[in-house]
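Data block below; observations after.
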Amino acid sequence: MSIRVKKNYLIFDGTKFRCAIGKNGFIKEKCEGDGCSPIGTYKIDKVFYRKDRIKDICTDIETIEINPKDGWCDDQTQQQYNKLIQFPYSYSAEHLYRDDDIYNIICVLNHNQNPIVSGLGSAIFIHVASHSFTPTEGCIALRQSDLLNILSKITSNTEIVFGD
């Protein structure tokens, strides 16, 4: 069973789910900061979640609770690029513990993971969409209920295909 992500929707198990993608669409050659979702086939490495906001997460994929000091390095000059970091952190990094709901669930994709190459894109996640499905910086975003539903039915071996 696989997942396909198109422009404004994700297809899984015969169902179309509304989603948001990168504000500049899909691209084959992903670069840090381009606002594009990378074309390719990926898998979910692990799932981070806000335990204070998600009471019941059911998935076979490894789950990790998001803590207030958690972040994700997007500074191309650092060895921690495209990795989990802890704040305080002196370089550019995204806060995972946010006031809004979009990072209530973060599915970390294996994009630019093995090996990590500086500048080829960091923090490519599947996460919760804003209420208006605002385009992302390169991630895929779904309604929280849809994401929880999908996570309950997939494994870490499920392929996720990005692209038109």
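Letters A, B, ... mark the chains of the structure tokens in the order given; residue numbers begin at 1 per chain; ligand numbers begin at 1, in order shown.
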With only C-alpha atoms as the counted atoms, please give the residues lying no more than 10 Å from Phe87 in chain A, apart from itself and same-chain residues fewer than 6 positions off, as a PDB file with N, CA and C atoms, in the first residue's frame.
```pdb
ATOM      1  N   PRO A  68       9.429  21.117  24.813  1.00  0.00           N
ATOM      2  CA  PRO A  68       9.561  22.552  24.547  1.00  0.00           C
ATOM      3  C   PRO A  68      10.908  22.994  23.972  1.00  0.00           C
ATOM      4  N   LYS A  69      11.969  22.259  24.219  1.00  0.00           N
ATOM      5  CA  LYS A  69      13.295  22.660  23.721  1.00  0.00           C
ATOM      6  C   LYS A  69      13.643  22.048  22.368  1.00  0.00           C
ATOM      7  N   ASP A  70      12.751  21.235  21.789  1.00  0.00           N
ATOM      8  CA  ASP A  70      13.036  20.551  20.524  1.00  0.00           C
ATOM      9  C   ASP A  70      13.004  21.497  19.330  1.00  0.00           C
ATOM     10  N   GLY A  71      13.945  21.282  18.437  1.00  0.00           N
ATOM     11  CA  GLY A  71      14.001  22.040  17.191  1.00  0.00           C
ATOM     12  C   GLY A  71      14.596  21.183  16.090  1.00  0.00           C
ATOM     13  N   TRP A  72      14.631  21.755  14.871  1.00  0.00           N
ATOM     14  CA  TRP A  72      15.180  21.043  13.712  1.00  0.00           C
ATOM     15  C   TRP A  72      16.106  22.006  12.988  1.00  0.00           C
ATOM     16  N   ALA A  93      17.347  27.291  13.227  1.00  0.00           N
ATOM     17  CA  ALA A  93      16.609  26.049  13.469  1.00  0.00           C
ATOM     18  C   ALA A  93      15.135  26.388  13.666  1.00  0.00           C
ATOM     19  N   GLU A  94      14.319  25.438  13.335  1.00  0.00           N
ATOM     20  CA  GLU A  94      12.878  25.589  13.462  1.00  0.00           C
ATOM     21  C   GLU A  94      12.427  25.028  14.809  1.00  0.00           C
ATOM     22  N   HIS A  95      11.571  25.761  15.502  1.00  0.00           N
ATOM     23  CA  HIS A  95      11.000  25.271  16.762  1.00  0.00           C
ATOM     24  C   HIS A  95       9.929  24.230  16.454  1.00  0.00           C
TER      25      HIS A  95
END
```
- Find the residues around Arg143 in chain A up to 9 Å (only C-alpha atoms counted), leave out those fewer than 4 positions away in its own chain, and share them as a PyMOL selection string. chain A and resi 17-19+127-131+133+147-148
Let me see the file: selected residues, N, CA and C atoms, as a CSV table (one decimal), in the first residue's frame.
```csv
chain,number,residue,atom,x,y,z
A,17,PHE,N,-7.6,12.9,0.1
A,17,PHE,CA,-7.6,13.8,1.3
A,17,PHE,C,-7.0,15.2,0.8
A,18,ARG,N,-7.7,16.2,1.2
A,18,ARG,CA,-7.2,17.6,0.9
A,18,ARG,C,-5.8,17.8,1.6
A,19,CYS,N,-4.9,18.4,0.9
A,19,CYS,CA,-3.6,18.7,1.6
A,19,CYS,C,-3.0,20.0,1.0
A,127,HIS,N,2.8,17.1,8.2
A,127,HIS,CA,2.3,17.7,9.5
A,127,HIS,C,0.9,18.1,9.3
A,128,VAL,N,0.4,18.8,10.4
A,128,VAL,CA,-1.0,19.2,10.4
A,128,VAL,C,-1.1,20.5,9.6
A,129,ALA,N,-2.2,20.6,8.8
A,129,ALA,CA,-2.4,21.8,7.9
A,129,ALA,C,-3.0,22.9,8.8
A,130,SER,N,-2.7,24.1,8.3
A,130,SER,CA,-3.4,25.3,8.9
A,130,SER,C,-4.9,25.2,8.6
A,131,HIS,N,-5.8,25.9,9.3
A,131,HIS,CA,-7.2,25.8,9.0
A,131,HIS,C,-7.5,26.2,7.5
A,133,PHE,N,-5.4,25.7,5.0
A,133,PHE,CA,-4.5,25.0,4.1
A,133,PHE,C,-3.5,25.9,3.4
A,147,LEU,N,-4.6,12.9,9.2
A,147,LEU,CA,-3.3,12.4,9.4
A,147,LEU,C,-3.3,11.3,10.4
A,148,LEU,N,-4.1,11.4,11.5
A,148,LEU,CA,-4.2,10.4,12.5
A,148,LEU,C,-4.8,9.1,11.9
```
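Separating CA of Lys6 in chain A from CA of Ala20 in chain A is a distance of 9.5 Å.
Distances from A:Ile61, A:Ile102, A:Ile54, A:Val47 to Thr134 in chain A were compared using only C-alpha atoms, and the smallest one belongs to A:Ile102.
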- Counting only C-alpha atoms, what is within 9 Å of Ser118 in chain A, bar same-chain residues fewer than 5 positions away, as a PyMOL selection string? chain A and resi 32+75-79+81-82+112
Could you write out the selected residues, including N, CA and C atoms, as a PDB file, in the first residue's frame?
```pdb
ATOM      1  N   GLU A  32      17.567  24.063  -0.144  1.00  0.00           N
ATOM      2  CA  GLU A  32      17.137  24.704   1.093  1.00  0.00           C
ATOM      3  C   GLU A  32      16.511  26.063   0.797  1.00  0.00           C
ATOM      4  N   ASP A  75      20.269  25.147   9.251  1.00  0.00           N
ATOM      5  CA  ASP A  75      21.470  25.916   8.918  1.00  0.00           C
ATOM      6  C   ASP A  75      22.451  25.020   8.167  1.00  0.00           C
ATOM      7  N   GLN A  76      22.613  25.326   6.879  1.00  0.00           N
ATOM      8  CA  GLN A  76      23.438  24.495   5.993  1.00  0.00           C
ATOM      9  C   GLN A  76      24.904  24.405   6.410  1.00  0.00           C
ATOM     10  N   THR A  77      25.354  25.336   7.235  1.00  0.00           N
ATOM     11  CA  THR A  77      26.769  25.359   7.619  1.00  0.00           C
ATOM     12  C   THR A  77      27.065  24.478   8.837  1.00  0.00           C
ATOM     13  N   GLN A  78      26.024  23.894   9.421  1.00  0.00           N
ATOM     14  CA  GLN A  78      26.209  23.162  10.673  1.00  0.00           C
ATOM     15  C   GLN A  78      26.154  21.646  10.490  1.00  0.00           C
ATOM     16  N   GLN A  79      26.904  20.939  11.336  1.00  0.00           N
ATOM     17  CA  GLN A  79      26.884  19.465  11.310  1.00  0.00           C
ATOM     18  C   GLN A  79      25.525  18.907  11.688  1.00  0.00           C
ATOM     19  N   TYR A  81      22.759  19.958  10.582  1.00  0.00           N
ATOM     20  CA  TYR A  81      21.814  20.258   9.502  1.00  0.00           C
ATOM     21  C   TYR A  81      20.880  19.072   9.256  1.00  0.00           C
ATOM     22  N   ASN A  82      19.587  19.383   9.185  1.00  0.00           N
ATOM     23  CA  ASN A  82      18.525  18.403   8.941  1.00  0.00           C
ATOM     24  C   ASN A  82      18.448  17.340  10.035  1.00  0.00           C
ATOM     25  N   ASN A 112      16.679  13.517   2.147  1.00  0.00           N
ATOM     26  CA  ASN A 112      18.004  14.051   2.513  1.00  0.00           C
ATOM     27  C   ASN A 112      18.461  13.549   3.885  1.00  0.00           C
TER      28      ASN A 112
END
```
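Minimum atom-to-atom distances from A:Tyr49, A:Tyr9, A:Tyr91, A:Phe26 to Val108 in chain A were compared using only C-alpha atoms, and the lowest value belongs to A:Tyr49.
Residue nearest Ile106 in chain A, chosen from A:Arg53, A:Asp60, A:Phe48, A:Pro135 and counting only C-alpha atoms: A:Phe48.
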- Message: From a backbone DSSP assignment, name each residue in chain A labelled strand (DSSP E or B), as JSON, numbers by chain.
- Response: {"A": [2, 3, 4, 5, 9, 10, 11, 12, 15, 16, 17, 18, 19, 20, 22, 26, 27, 37, 38, 40, 41, 42, 44, 45, 46, 47, 48, 49, 63, 64, 65, 70, 71, 72, 73, 84, 85, 86, 93, 94, 95, 105, 106, 107, 108, 109, 125, 126, 127, 128, 136, 140, 141, 142, 159, 160, 161, 162]}
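In terms of minimum interatomic distance to Asn67 in chain A, A:Asn104 ranks closest within A:Asp45, A:Asp34, A:Ile21, A:Asn104, counting only C-alpha atoms.
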- Message: I want to know what sits within 6 Å of Phe125 in chain A, based on only C-alpha atoms, with residues of the same chain fewer than 3 positions away left out; could you give that as JSON, numbers by chain?
- Response: {"A": [107, 108, 109, 139]}
Take the residues from that selection and put them in a file with all heavy atoms, as an mmCIF file, in the first residue's frame.
```cif
data_model
loop_
_atom_site.group_PDB
_atom_site.id
_atom_site.type_symbol
_atom_site.label_atom_id
_atom_site.label_comp_id
_atom_site.auth_asym_id
_atom_site.auth_seq_id
_atom_site.Cartn_x
_atom_site.Cartn_y
_atom_site.Cartn_z
ATOM 1 N N CYS A 107 5.534 13.987 10.940
ATOM 2 C CA CYS A 107 6.073 12.750 10.376
ATOM 3 C C CYS A 107 7.355 13.105 9.646
ATOM 4 O O CYS A 107 7.330 13.833 8.647
ATOM 5 C CB CYS A 107 5.079 12.130 9.400
ATOM 6 S SG CYS A 107 3.481 11.760 10.123
ATOM 7 N N VAL A 108 8.477 12.657 10.152
ATOM 8 C CA VAL A 108 9.778 12.958 9.555
ATOM 9 C C VAL A 108 10.004 12.017 8.380
ATOM 10 O O VAL A 108 10.030 10.791 8.549
ATOM 11 C CB VAL A 108 10.915 12.810 10.581
ATOM 12 C CG1 VAL A 108 12.262 13.102 9.933
ATOM 13 C CG2 VAL A 108 10.678 13.716 11.785
ATOM 14 N N LEU A 109 10.139 12.596 7.193
ATOM 15 C CA LEU A 109 10.394 11.795 5.996
ATOM 16 C C LEU A 109 11.887 11.574 5.824
ATOM 17 O O LEU A 109 12.703 12.357 6.308
ATOM 18 C CB LEU A 109 9.805 12.492 4.768
ATOM 19 C CG LEU A 109 8.290 12.659 4.813
ATOM 20 C CD1 LEU A 109 7.815 13.479 3.626
ATOM 21 C CD2 LEU A 109 7.598 11.312 4.830
ATOM 22 N N CYS A 139 6.825 21.048 2.979
ATOM 23 C CA CYS A 139 6.192 19.886 3.604
ATOM 24 C C CYS A 139 4.848 19.591 2.953
ATOM 25 O O CYS A 139 4.358 20.337 2.126
ATOM 26 C CB CYS A 139 5.958 20.168 5.091
ATOM 27 S SG CYS A 139 7.473 20.438 6.038
#
```
- Message: Give me the residues near Cys31 in chain A as a PyMOL selection string, where near means some atom within 8 Å (using only C-alpha atoms) and where sequence neighbours in that chain fewer than 3 positions away do not count.
- Response: chain A and resi 34+119-121
Selected residues written out with N, CA and C atoms, as a PDB file, in the first residue's frame:
```pdb
ATOM      1  N   ASP A  34      13.793  26.890  -0.929  1.00  0.00           N
ATOM      2  CA  ASP A  34      13.128  27.154  -2.216  1.00  0.00           C
ATOM      3  C   ASP A  34      11.604  27.115  -2.137  1.00  0.00           C
ATOM      4  N   GLY A 119      22.367  21.729   2.162  1.00  0.00           N
ATOM      5  CA  GLY A 119      21.720  22.541   1.139  1.00  0.00           C
ATOM      6  C   GLY A 119      20.653  21.849   0.317  1.00  0.00           C
ATOM      7  N   LEU A 120      20.481  20.523   0.479  1.00  0.00           N
ATOM      8  CA  LEU A 120      19.488  19.806  -0.334  1.00  0.00           C
ATOM      9  C   LEU A 120      18.112  19.720   0.320  1.00  0.00           C
ATOM     10  N   GLY A 121      17.905  20.506   1.365  1.00  0.00           N
ATOM     11  CA  GLY A 121      16.598  20.579   1.999  1.00  0.00           C
ATOM     12  C   GLY A 121      16.565  19.907   3.347  1.00  0.00           C
TER      13      GLY A 121
END
```
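The coordinates place CA of Asp100 in chain A at 28.5 Å from CA of Glu159 in chain A.
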- Task: Using only C-alpha atoms, pick whichever of A:Thr59, A:Tyr42, A:Gln80, A:Gly22 has the shortest atom-to-atom distance to Val117 in chain A.
- Result: A:Gln80
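The protein and nucleic acid residues lying at most 10 Å from Cys58 in chain A are Lys55, Ile61, Thr63, Leu148, Asn149, Ile150, Leu151, Ser152 and Lys153 of chain A, with only C-alpha atoms considered and sequence neighbours fewer than 3 positions away removed.
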Could the residues in this selection be written to a file with N, CA and C atoms, as a JSON list (two decimals), in the first residue's frame?
```json
[["chain", "number", "residue", "atom", "x", "y", "z"],
["A", 55, "LYS", "N", -3.94, 12.96, 22.48],
["A", 55, "LYS", "CA", -4.10, 12.02, 23.60],
["A", 55, "LYS", "C", -3.91, 10.58, 23.18],
["A", 61, "ILE", "N", 4.64, 3.11, 13.59],
["A", 61, "ILE", "CA", 5.89, 3.86, 13.39],
["A", 61, "ILE", "C", 6.36, 4.40, 14.73],
["A", 63, "THR", "N", 7.24, 6.57, 17.70],
["A", 63, "THR", "CA", 6.74, 7.88, 18.11],
["A", 63, "THR", "C", 7.63, 8.47, 19.19],
["A", 148, "LEU", "N", -4.06, 11.43, 11.50],
["A", 148, "LEU", "CA", -4.17, 10.36, 12.50],
["A", 148, "LEU", "C", -4.77, 9.09, 11.89],
["A", 149, "ASN", "N", -5.76, 9.24, 11.05],
["A", 149, "ASN", "CA", -6.38, 8.10, 10.38],
["A", 149, "ASN", "C", -5.36, 7.35, 9.52],
["A", 150, "ILE", "N", -4.62, 8.09, 8.71],
["A", 150, "ILE", "CA", -3.61, 7.48, 7.83],
["A", 150, "ILE", "C", -2.52, 6.79, 8.65],
["A", 151, "LEU", "N", -2.03, 7.47, 9.69],
["A", 151, "LEU", "CA", -0.97, 6.89, 10.52],
["A", 151, "LEU", "C", -1.40, 5.57, 11.16],
["A", 152, "SER", "N", -2.67, 5.44, 11.45],
["A", 152, "SER", "CA", -3.15, 4.20, 12.08],
["A", 152, "SER", "C", -3.13, 3.02, 11.12],
["A", 153, "LYS", "N", -2.99, 3.28, 9.83],
["A", 153, "LYS", "CA", -3.08, 2.22, 8.82],
["A", 153, "LYS", "C", -1.79, 1.93, 8.07]]
```
- Check chain A with DSSP on the backbone and list each residue it calls alpha helix (DSSP H), as a PyMOL selection string. chain A and resi 144-151
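Counting only C-alpha atoms, the residue from A:Ser90, A:Thr158, A:Ser122, A:Asn8 that sits nearest to Ala141 in chain A is A:Asn8.
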- Give me, please, the distance in Å between CA of Lys30 in chain A and CA of Ile124 in chain A, quoted to one decimal. 10.4 Å
